[in-house]
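Trainee: Data file input-v1.pdb (PDB, C-alpha atoms) is appended below.
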```pdb
MODEL        1
ATOM      1  CA  MET A   1     -44.546 -18.500  18.933
ATOM      2  CA  ASP A   2     -41.654 -20.795  19.873
ATOM      3  CA  GLN A   3     -41.650 -24.490  19.156
ATOM      4  CA  LYS A   4     -41.221 -26.533  22.328
ATOM      5  CA  LEU A   5     -39.127 -29.658  21.954
ATOM      6  CA  GLU A   6     -39.948 -31.448  25.183
ATOM      7  CA  GLY A   7     -38.476 -34.851  25.916
ATOM      8  CA  THR A   8     -36.379 -36.939  23.592
ATOM      9  CA  PRO A   9     -38.186 -38.681  20.742
ATOM     10  CA  LYS A  10     -37.737 -42.461  20.649
ATOM     11  CA  ALA A  11     -39.010 -45.325  18.533
ATOM     12  CA  THR A  12     -38.070 -48.953  18.106
ATOM     13  CA  ILE A  13     -37.613 -50.491  14.688
ATOM     14  CA  GLN A  14     -37.501 -54.132  13.588
ATOM     15  CA  VAL A  15     -36.397 -55.710  10.339
ATOM     16  CA  ALA A  16     -37.834 -58.800   8.652
ATOM     17  CA  GLY A  17     -36.074 -59.450   5.357
ATOM     18  CA  ARG A  18     -35.954 -55.991   3.759
ATOM     19  CA  LYS A  19     -39.111 -54.709   5.474
ATOM     20  CA  VAL A  20     -38.549 -52.319   8.401
ATOM     21  CA  THR A  21     -41.354 -51.549  10.856
ATOM     22  CA  ARG A  22     -41.385 -48.811  13.496
ATOM     23  CA  THR A  23     -43.354 -48.256  16.679
ATOM     24  CA  GLU A  24     -45.123 -44.981  17.364
ATOM     25  CA  VAL A  25     -42.704 -42.197  18.243
ATOM     26  CA  VAL A  26     -42.707 -41.327  21.940
ATOM     27  CA  ASN A  27     -42.195 -37.578  22.634
ATOM     28  CA  ASP A  28     -42.741 -36.808  18.930
ATOM     29  CA  TRP A  29     -41.694 -33.201  18.202
ATOM     30  CA  GLY A  30     -43.981 -32.981  15.173
ATOM     31  CA  THR A  31     -41.056 -32.353  12.821
ATOM     32  CA  ARG A  32     -40.100 -34.411   9.765
ATOM     33  CA  LEU A  33     -39.392 -38.122  10.264
ATOM     34  CA  GLN A  34     -37.192 -39.958   7.800
ATOM     35  CA  TRP A  35     -35.579 -43.337   7.228
ATOM     36  CA  LYS A  36     -31.813 -43.091   6.624
ATOM     37  CA  VAL A  37     -30.540 -46.009   4.537
ATOM     38  CA  SER A  38     -26.847 -46.870   4.285
ATOM     39  CA  ARG A  39     -25.090 -49.553   2.251
ATOM     40  CA  ASP A  40     -21.639 -50.722   3.324
ATOM     41  CA  GLY A  41     -21.344 -47.710   5.656
ATOM     42  CA  LYS A  42     -22.256 -45.043   3.060
ATOM     43  CA  GLU A  43     -25.592 -43.183   3.118
ATOM     44  CA  ILE A  44     -27.511 -43.963  -0.064
ATOM     45  CA  ALA A  45     -31.031 -42.641   0.623
ATOM     46  CA  THR A  46     -33.358 -40.787   2.960
ATOM     47  CA  VAL A  47     -37.078 -41.472   2.681
ATOM     48  CA  GLY A  48     -39.959 -39.741   4.474
ATOM     49  CA  ALA A  49     -41.384 -41.837   7.329
ATOM     50  CA  GLY A  50     -44.175 -39.662   8.682
ATOM     51  CA  LEU A  51     -47.382 -41.539   7.932
ATOM     52  CA  ASP A  52     -46.412 -45.101   7.115
ATOM     53  CA  PRO A  53     -44.815 -47.128   9.933
ATOM     54  CA  VAL A  54     -43.496 -49.691   7.406
ATOM     55  CA  PHE A  55     -40.645 -49.189   4.940
ATOM     56  CA  GLU A  56     -39.217 -51.539   2.338
ATOM     57  CA  HIS A  57     -36.253 -50.215   0.385
ATOM     58  CA  PRO A  58     -36.347 -51.317  -3.273
ATOM     59  CA  GLU A  59     -32.538 -51.381  -3.617
ATOM     60  CA  ALA A  60     -31.303 -54.727  -4.965
ATOM     61  CA  ALA A  61     -27.527 -54.173  -5.094
ATOM     62  CA  PRO A  62     -25.609 -56.619  -2.903
ATOM     63  CA  GLY A  63     -24.132 -55.322   0.339
ATOM     64  CA  LYS A  64     -24.760 -54.759   4.043
ATOM     65  CA  TYR A  65     -27.627 -52.337   4.616
ATOM     66  CA  GLU A  66     -28.405 -50.353   7.756
ATOM     67  CA  VAL A  67     -31.622 -48.415   8.399
ATOM     68  CA  VAL A  68     -32.293 -45.933  11.205
ATOM     69  CA  LEU A  69     -35.247 -43.630  11.943
ATOM     70  CA  GLN A  70     -34.406 -39.933  12.261
ATOM     71  CA  GLN A  71     -36.290 -36.788  13.264
ATOM     72  CA  PHE A  72     -35.465 -33.182  12.429
ATOM     73  CA  HIS A  73     -34.203 -31.247  15.454
ATOM     74  CA  TYR A  74     -34.928 -27.588  14.785
ATOM     75  CA  VAL A  75     -32.689 -25.049  16.504
ATOM     76  CA  ASN A  76     -32.829 -22.149  14.005
ATOM     77  CA  TYR A  77     -32.709 -21.403  10.282
ATOM     78  CA  LYS A  78     -28.976 -20.530  10.070
ATOM     79  CA  LYS A  79     -27.409 -21.979   6.921
ATOM     80  CA  ASN A  80     -23.920 -21.962   5.444
ATOM     81  CA  ALA A  81     -22.923 -20.811   1.941
ATOM     82  CA  GLU A  82     -23.954 -24.211   0.499
ATOM     83  CA  GLY A  83     -27.455 -23.852   1.963
ATOM     84  CA  LYS A  84     -27.030 -26.539   4.641
ATOM     85  CA  PHE A  85     -28.304 -26.016   8.178
ATOM     86  CA  THR A  86     -25.470 -25.217  10.581
ATOM     87  CA  GLU A  87     -27.238 -25.855  13.904
ATOM     88  CA  SER A  88     -30.469 -27.709  13.056
ATOM     89  CA  ALA A  89     -30.059 -31.333  11.958
ATOM     90  CA  TYR A  90     -31.606 -34.788  11.745
ATOM     91  CA  ILE A  91     -30.942 -36.950  14.795
ATOM     92  CA  ASP A  92     -31.259 -40.717  15.181
ATOM     93  CA  ILE A  93     -34.283 -41.601  17.317
ATOM     94  CA  SER A  94     -34.265 -45.388  16.949
ATOM     95  CA  ASN A  95     -32.037 -48.378  17.148
ATOM     96  CA  PRO A  96     -30.283 -49.102  13.829
ATOM     97  CA  VAL A  97     -31.163 -52.384  12.100
ATOM     98  CA  SER A  98     -29.136 -54.234   9.487
ATOM     99  CA  TYR A  99     -29.686 -56.759   6.726
ATOM    100  CA  THR A 100     -27.474 -58.195   3.991
ATOM    101  CA  LEU A 101     -28.284 -58.821   0.335
TER     102      LEU A 101
ENDMDL
END
```
Rewrite the coordinates I just gave you, this time as structure tokens.
Mentor:
Amino acid sequence: MDQKLEGTPKATIQVAGRKVTRTEVVNDWGTRLQWKVSRDGKEIATVGAGLDPVFEHPEAAPGKYEVVLQQFHYVNYKKNAEGKFTESAYIDISNPVSYTL
């Protein structure tokens, strides 16, 4: 049975302080959702976002933070020698939001 990835998943996220809230995902593929958190342009964390539409990152270090919602885009299970997917990957499905501590 093949997985059908119809349409492009989209969601909108908003930030209030350090709390990020997402809308329901339109055209949800049913694959893993995650929040990608960056500080000063460097990825520092990925956190599952499947069930809870609200996320508050506990990080307290000063800097400029950016959060974006991602969904896993499955193509196949091919991996390189390090065990990383070569064709399947997480893609951004929301607008990025920023806040500064």
Trainee: Show me, as a tab-separated table (two decimals) with C-alpha atoms, keeping the file's coordinate frame, the residues that have an atom within 9 Å of Gln14 (chain A) when counting all atoms listed in the file, minus same-chain residues fewer than 3 positions from it.
Mentor:
```tsv
chain	number	residue	atom	x	y	z
A	19	LYS	CA	-39.11	-54.71	5.47
A	20	VAL	CA	-38.55	-52.32	8.40
A	21	THR	CA	-41.35	-51.55	10.86
A	22	ARG	CA	-41.38	-48.81	13.50
A	23	THR	CA	-43.35	-48.26	16.68
A	95	ASN	CA	-32.04	-48.38	17.15
A	96	PRO	CA	-30.28	-49.10	13.83
A	97	VAL	CA	-31.16	-52.38	12.10
```
Trainee: Can you pull out every residue within 9 Å of Lys64 (chain A), counting all atoms listed in the file, but drop anything in the same chain fewer than 3 positions away, and send it as a list in words?
Mentor: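 Here the answer would be Ser38, Arg39, Asp40, Gly41, Ser98, Tyr99, Thr100 and Leu101 of chain A.
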Trainee: Give as a PyMOL selection string the set of residues within 8 Å of the point (-32.2, -48.6, 16.8), where distances use the file's coordinates and only C-alpha atoms.
Mentor: chain A and resi 11-13+68-69+93-97
Trainee: Print the selection's residues with C-alpha atoms to a file, as a short mmCIF file (atom, residue, chain, number, x, y, z; two decimals), in the frame of the given file.
Mentor:
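Output file result_19.cif follows:
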```
data_model
loop_
_atom_site.label_atom_id
_atom_site.label_comp_id
_atom_site.auth_asym_id
_atom_site.auth_seq_id
_atom_site.Cartn_x
_atom_site.Cartn_y
_atom_site.Cartn_z
CA ALA A 11 -39.01 -45.32 18.53
CA THR A 12 -38.07 -48.95 18.11
CA ILE A 13 -37.61 -50.49 14.69
CA VAL A 68 -32.29 -45.93 11.20
CA LEU A 69 -35.25 -43.63 11.94
CA ILE A 93 -34.28 -41.60 17.32
CA SER A 94 -34.26 -45.39 16.95
CA ASN A 95 -32.04 -48.38 17.15
CA PRO A 96 -30.28 -49.10 13.83
CA VAL A 97 -31.16 -52.38 12.10
#
```
Trainee: Quick check on the file I pasted: which residues fall under the PyMOL selection byres ((chain A and resi 76) around 8)? Write them as a PyMOL selection string.
Mentor: chain A and resi 74-75+77-78+87-88
Trainee: Between A:Glu66, A:Glu6, A:Glu82, A:Glu24, which is the closest to Val54 (chain A) once you count only C-alpha atoms?
Mentor: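 Selected residue with least distance to Val54 (chain A): A:Glu24.
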Trainee: I'd like to know which of A:Phe72, A:Ala16, A:Glu56, A:Gly63 is closest to Asp28 (chain A), using all atoms listed in the file.
Mentor: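 Ranked by minimum distance to Asp28 (chain A), first place goes to A:Phe72.
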Trainee: Record the distance separating CA of Ala89 (chain A) and CA of Pro58 (chain A), expressed in Å with one decimal.
Mentor: 25.9 Å
Trainee: Would you work out the distance separating CA of Gln70 (chain A) from CA of Ile44 (chain A), expressed in Å to one decimal?
Mentor: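 Straight-line distance from CA of Gln70 (chain A) to CA of Ile44 (chain A) works out to 14.7 Å.
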Trainee: May I ask for the distance between CA of Pro53 (chain A) and CA of His73 (chain A), given in Å to one decimal place?
Mentor: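 Spanning CA of Pro53 (chain A) to CA of His73 (chain A) is a straight-line distance of 19.9 Å.
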Trainee: Hey, what comes out of the PyMOL selection byres ((chain A and resi 29) around 12) on this file? Could you write it as a list in words?
Mentor: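 On the file shown, the PyMOL selection byres ((chain A and resi 29) around 12) covers Gln3, Lys4, Leu5, Glu6, Gly7, Thr8, Pro9, Lys10, Val25, Val26, Asn27, Asp28, Gly30, Thr31, Arg32, Leu33, Gly50, Gln70, Gln71, Phe72, His73, Tyr74, Ile91 and Ile93 of chain A.
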Trainee: Please determine, counting all atoms listed in the file, which residue among A:Lys36, A:Val67, A:Thr46, A:Leu51 has the shortest atom-to-atom distance to Val15 (chain A).
Mentor: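 Among the listed residues, A:Val67 lies closest to Val15 (chain A).
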Trainee: Using the chain letters and numbers from the file, which residues does the PyMOL selection byres ((chain A and resi 47) around 8) grab, as an MDAnalysis selection string?
Mentor: chainID A and resid 34:36 45:46 48:49
Trainee: Mind writing the picked residues with C-alpha atoms as a PDB file, keeping the file's coordinate frame?
Mentor:
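Dumped to again33.pdb:
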```pdb
ATOM      1  CA  GLN A  34     -37.192 -39.958   7.800  1.00  0.00           C
ATOM      2  CA  TRP A  35     -35.579 -43.337   7.228  1.00  0.00           C
ATOM      3  CA  LYS A  36     -31.813 -43.091   6.624  1.00  0.00           C
ATOM      4  CA  ALA A  45     -31.031 -42.641   0.623  1.00  0.00           C
ATOM      5  CA  THR A  46     -33.358 -40.787   2.960  1.00  0.00           C
ATOM      6  CA  GLY A  48     -39.959 -39.741   4.474  1.00  0.00           C
ATOM      7  CA  ALA A  49     -41.384 -41.837   7.329  1.00  0.00           C
TER       8      ALA A  49
END
```
